[in-house]
Every structure is written in structure tokens, then in C-alpha cells.
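Colleague: Structure in C-alpha cells, see below.
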Amino acid sequence: MSQVDSSAVAVTPTVPEGRWGWRRGRVLASLAVGVGGLLVFPSAVPDMAGRPGSLLETFLPWLGLAVPVFLVLAIVRRSAVALVALLLPVAAWVSGFGGLLLPAEDSAYDLTVVQHNVSDENADPAGTARALMKARPGLIALEEVTAGALDVYAATLAPDYPHHLVVGTVGLWSKYPLNGARPVDIKPDGIVGAWKRGLRAEVRVPEKAAVAVYVAHLPSVRLGVRAGFSSGWRDESAALLGAAIAAEPLERVILLGDLNSTVDDRGLDPVGAQMNTVGPGFAFSWPASFPVARIDQVMTRRATVTEVWSLPATGSDHLPIAARIRW
């Protein structure tokens, strides 16, 4: 009678090296599903201390870069389950941002506008002004206009833009007369001293109804190891701006400004709730040296942004943004 070797070990069948397997890469598949979930529900990340939710939303489109990384890993691991799981973040990204890659509508528009944070350290304000005029906008909104550079901007723009309004460090230049001009108070309580970064004016484009134009520069955010994403003042200022727009009696509104926020950031919700926030094109504007986010915005109410694009760099750390608007 043969004896069984008690030291024998049962061997579990494995997938041959050259074949794809469904048991491989389960962790990778879970990560892919997690990325897809964040793309669809970024609000699931709480805005606790350090505001990780707002930080994620600020750079949300870049989360899609995880897809090619996961794809390579899935192929190396020959993981069928990871490959299938990748369909979720791909679908989520295309649903959320794919439309921004489509060409702009080839249709009529009523107005071209330019928005630009010109930087208070801009060494060539005249050159910056001339560069903005090349887009032939009807309106030009500027932020960080210093007292020393104001006369240069005004003189350079005056021949084509005879109407302008400046409040503090923000200004609006227009081909059309400006009426009902006034400051808009968006100053957070914690900021002391002179701080004027909001204005409102009424513009009547020929053969069109009057439109209220707001120019705003919200406080900057900070990113640090200890404090995380610090956006308290920005959020407070956004709430004040949103309240002002909500109380605007004119139906048509255009908002131009450096909002220090992307449209996906929940900190901008008080403004986004009043306005149309999405136009075709990513038009990243900051930083000018390697743009990764559009924090310079063109928003509308009772109008449509049909196209938005970045203009060439000036002497600023932001890129100018141009947009076409149809009533």
C-alpha cells in the first residue's frame, strides 16, 4: 500500500503569465473606482479644517491624469478587472469635462469681453493694454491696477475705450457709455484698511437691452503644509458678491473677475448659484508660466458664453481671458 506524504502542500491553480486574469489587480481596480467616484461626487470630500474639498475641486480636471497611469499598471499586471474598472473614471471625466474639449459654436455673438488680472508688479502696462485690445473686445476688465499704472492704462486704452470706471484696484473699460456706476462692497470682515475690489456699471450695447456688468477681485487663497487650503476670506467675499448679484434689478448680468476660484470649487457656490458658469474651453489662466487652473472668470445671467479662450501672456502672472457672449 502506498503511503501519502504528509508534507505535501496543496497548490492553488494560477493564471499563466501570458494571460489576463480577473483576480489580479483588485486594489488597482478599487483605486480606479475611487477616482471615478471623486470625479462624480467631489462634494463627498468634506471641507473640514484645511478645506480638502475645495482643494480637490480647484484642480478636479487633473484627477483624470490617474487614468493613463492606472491603464499602464493594468496592462503590466494583465488585470482584466482593473481594465474594466477604468471605464468608470473615463466616463466620469468625459461627462464632466469632455464638453470643454469640443470646438466652440460657429454662431453669432453679441459681445466680446476680456478679463485680466494685470498684476501689481507688471513692468509694461502699456504693452499689456495693447495686447488686450488685439482681441477687439467691447469690454475690458482689469484687476490689480495700481495708482502708478492707472494713467498708462487709461491713456493707452482711451482711443478705443473712451468710457471707463475704476474703483480701488479694479477697473472697467468700455466702447459703450457706462451708467449707474458704483462700488460693490465685497470686503471680508477680517481685512483692515482700504480694500476696494468690486464695481458695478450699466452698459447698453447698441440695439440691445441694458446689461449690468460687475468686476470683482476676490481675496487670494493660500496653500500650506499646516493650514492646508486657506480660503476663508475668499469664501466670505464670494458670499457678499453673490448677494449683490442676487439683488441686481437688471435681468442681464455679466461678471468679470479674478475670483481666485475655479467654477467647480464649492467656495464659489454663492456666485455660481446666480450665474451661468460654464463655457466651452478650459482656458486655464494661472499661473501664466504653466497654467493649471482657470481662476479668472467670465460668467453671465440671461446670456450665454459661446466661447472662452486664453490670450498670450503679458507682464502678469495671469493669462488674459477672452469670451464671446450671446444674449
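Residue numbering restarts at 1 in every chain; chains get A, B, ... in the order shown in the C-alpha cells, and ligands count up from 1 in that same order.
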Hey, what's within 6 Å of range 285-293 of chain A if we count only C-alpha atoms and toss same-chain stuff fewer than 4 positions away? As number ranges by chain, please?
Modeller: A: 317-319
Colleague: Would you write out those residues with C-alpha atoms, as an mmCIF file, in the first residue's frame?
Modeller:
data_model
loop_
_atom_site.group_PDB
_atom_site.id
_atom_site.type_symbol
_atom_site.label_atom_id
_atom_site.label_comp_id
_atom_site.auth_asym_id
_atom_site.auth_seq_id
_atom_site.Cartn_x
_atom_site.Cartn_y
_atom_site.Cartn_z
ATOM 1 C CA ASP A 317 1.395 86.182 -13.567
ATOM 2 C CA HIS A 318 -2.096 85.539 -15.013
ATOM 3 C CA LEU A 319 -3.075 84.950 -18.619
#
Colleague: Would you please give, as a ChimeraX atom specification, all residues of range 80-119 of chain A that DSSP assigns to alpha helix (DSSP H) based on the backbone?
Modeller: /A:80-85,87-97
Colleague: From the options A:Asp47, A:Asp264, A:Glu307, A:Asp269, which residue's atoms come nearest to Gly96 in chain A, counting only C-alpha atoms?
Modeller: A:Asp264
Colleague: Name the residues in contact with Ala194 in chain A at a cut-off of 12 Å, using only C-alpha atoms, excluding same-chain residues fewer than 5 positions from it; report them as a ChimeraX atom specification.
Modeller: /A:167-169,185,187-188
Colleague: Could you take the residues named above and write them with N, CA and C atoms, as a PDB file, in the first residue's frame?
Modeller:
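File written: selection28.pdb
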ATOM      1  N   VAL A 167     -12.505 101.529  -9.449  1.00  0.00           N
ATOM      2  CA  VAL A 167     -12.795 101.545  -8.014  1.00  0.00           C
ATOM      3  C   VAL A 167     -11.679 100.786  -7.320  1.00  0.00           C
ATOM      4  N   GLY A 168     -10.893 101.483  -6.521  1.00  0.00           N
ATOM      5  CA  GLY A 168      -9.775 100.828  -5.850  1.00  0.00           C
ATOM      6  C   GLY A 168      -8.791 100.283  -6.872  1.00  0.00           C
ATOM      7  N   THR A 169      -8.653  98.962  -6.915  1.00  0.00           N
ATOM      8  CA  THR A 169      -7.688  98.326  -7.825  1.00  0.00           C
ATOM      9  C   THR A 169      -8.357  97.580  -8.970  1.00  0.00           C
ATOM     10  N   ASP A 185     -19.361  96.405  -2.366  1.00  0.00           N
ATOM     11  CA  ASP A 185     -18.615  96.060  -1.152  1.00  0.00           C
ATOM     12  C   ASP A 185     -18.508  94.542  -1.019  1.00  0.00           C
ATOM     13  N   LYS A 187     -15.714  93.296   0.782  1.00  0.00           N
ATOM     14  CA  LYS A 187     -14.596  93.239   1.730  1.00  0.00           C
ATOM     15  C   LYS A 187     -14.941  92.338   2.915  1.00  0.00           C
ATOM     16  N   PRO A 188     -14.153  91.281   3.160  1.00  0.00           N
ATOM     17  CA  PRO A 188     -14.389  90.435   4.340  1.00  0.00           C
ATOM     18  C   PRO A 188     -14.119  91.209   5.633  1.00  0.00           C
TER      19      PRO A 188
END
Colleague: Give the strand (DSSP E or B) residues of range 128-161 of chain A, as assigned by DSSP on the backbone, as a ChimeraX atom specification.
Modeller: /A:139-143
Colleague: Can you spit out the residues from that selection as a PDB file, in the first residue's frame, using N, CA, C and O atoms?
Modeller:
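Just written: part26.pdb:
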ATOM      1  N   LEU A 139     -15.679  95.165 -23.988  1.00  0.00           N
ATOM      2  CA  LEU A 139     -15.418  95.478 -22.583  1.00  0.00           C
ATOM      3  C   LEU A 139     -14.100  94.858 -22.163  1.00  0.00           C
ATOM      4  O   LEU A 139     -13.781  93.733 -22.555  1.00  0.00           O
ATOM      5  N   ILE A 140     -13.344  95.579 -21.345  1.00  0.00           N
ATOM      6  CA  ILE A 140     -12.103  95.064 -20.771  1.00  0.00           C
ATOM      7  C   ILE A 140     -12.149  95.295 -19.260  1.00  0.00           C
ATOM      8  O   ILE A 140     -12.314  96.432 -18.809  1.00  0.00           O
ATOM      9  N   ALA A 141     -12.014  94.229 -18.503  1.00  0.00           N
ATOM     10  CA  ALA A 141     -11.990  94.325 -17.041  1.00  0.00           C
ATOM     11  C   ALA A 141     -10.581  94.026 -16.549  1.00  0.00           C
ATOM     12  O   ALA A 141      -9.963  93.052 -16.978  1.00  0.00           O
ATOM     13  N   LEU A 142     -10.095  94.863 -15.642  1.00  0.00           N
ATOM     14  CA  LEU A 142      -8.743  94.708 -15.115  1.00  0.00           C
ATOM     15  C   LEU A 142      -8.766  94.666 -13.590  1.00  0.00           C
ATOM     16  O   LEU A 142      -9.576  95.346 -12.955  1.00  0.00           O
ATOM     17  N   GLU A 143      -7.866  93.864 -13.034  1.00  0.00           N
ATOM     18  CA  GLU A 143      -7.656  93.829 -11.585  1.00  0.00           C
ATOM     19  C   GLU A 143      -6.184  94.090 -11.279  1.00  0.00           C
ATOM     20  O   GLU A 143      -5.330  93.909 -12.148  1.00  0.00           O
TER      21      GLU A 143
END
Colleague: With distances taken over only C-alpha atoms, which residue among A:Ala108, A:Ala243, A:Val253, A:Ala283 lies nearest Ala210 in chain A?
Modeller: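 Going through A:Ala108, A:Ala243, A:Val253, A:Ala283 one by one, the smallest distance to Ala210 in chain A is for A:Val253.
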Colleague: So, counting only C-alpha atoms, which residue among A:Ser79, A:Thr277, A:Ser231, A:Ser310 is closest to Val114 in chain A?
Modeller: A:Ser310
Colleague: Out of A:Leu39, A:Leu178, A:Ala201, A:Val84, which residue has the shortest atom-to-atom distance to Ala216 in chain A when counting only C-alpha atoms?
Modeller: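 Among A:Leu39, A:Leu178, A:Ala201, A:Val84, it is A:Ala201 that comes nearest to Ala216 in chain A.
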Colleague: May I ask for the distance between CA of Val145 in chain A and CA of Ala238 in chain A, given in Å to one decimal place?
Modeller: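 Here the two named atoms are 20.5 Å from each other.
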Colleague: Between A:Thr262, A:Pro46, A:Tyr176, A:Ala323, which residue has the minimum interatomic distance to Glu207 in chain A, considering only C-alpha atoms?
Modeller: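 Checking each of A:Thr262, A:Pro46, A:Tyr176, A:Ala323 against Glu207 in chain A, counting only C-alpha atoms, the winner is A:Tyr176.
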Colleague: With only C-alpha atoms as the basis for distance, which of A:Ala246, A:Met48, A:Leu150, A:Leu100 is at the shortest distance from Phe284 in chain A?
Modeller: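 Answer, going by the shortest atom-to-atom distance: A:Leu100.
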Colleague: I'd like the interatomic distance between CA of Met299 in chain A and CA of Tyr214 in chain A, to a tenth of an Å.
Modeller: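 Going from CA of Met299 in chain A over to CA of Tyr214 in chain A covers 9.7 Å.
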Colleague: Could you name the residues that touch range 32-35 of chain A at 9 Å or less, counting only C-alpha atoms, but leaving out those on the same chain fewer than 5 positions away, as a VMD selection string?
Modeller: chain A and resid 27 40 63 to 64 66 to 67 70 82 85 to 89
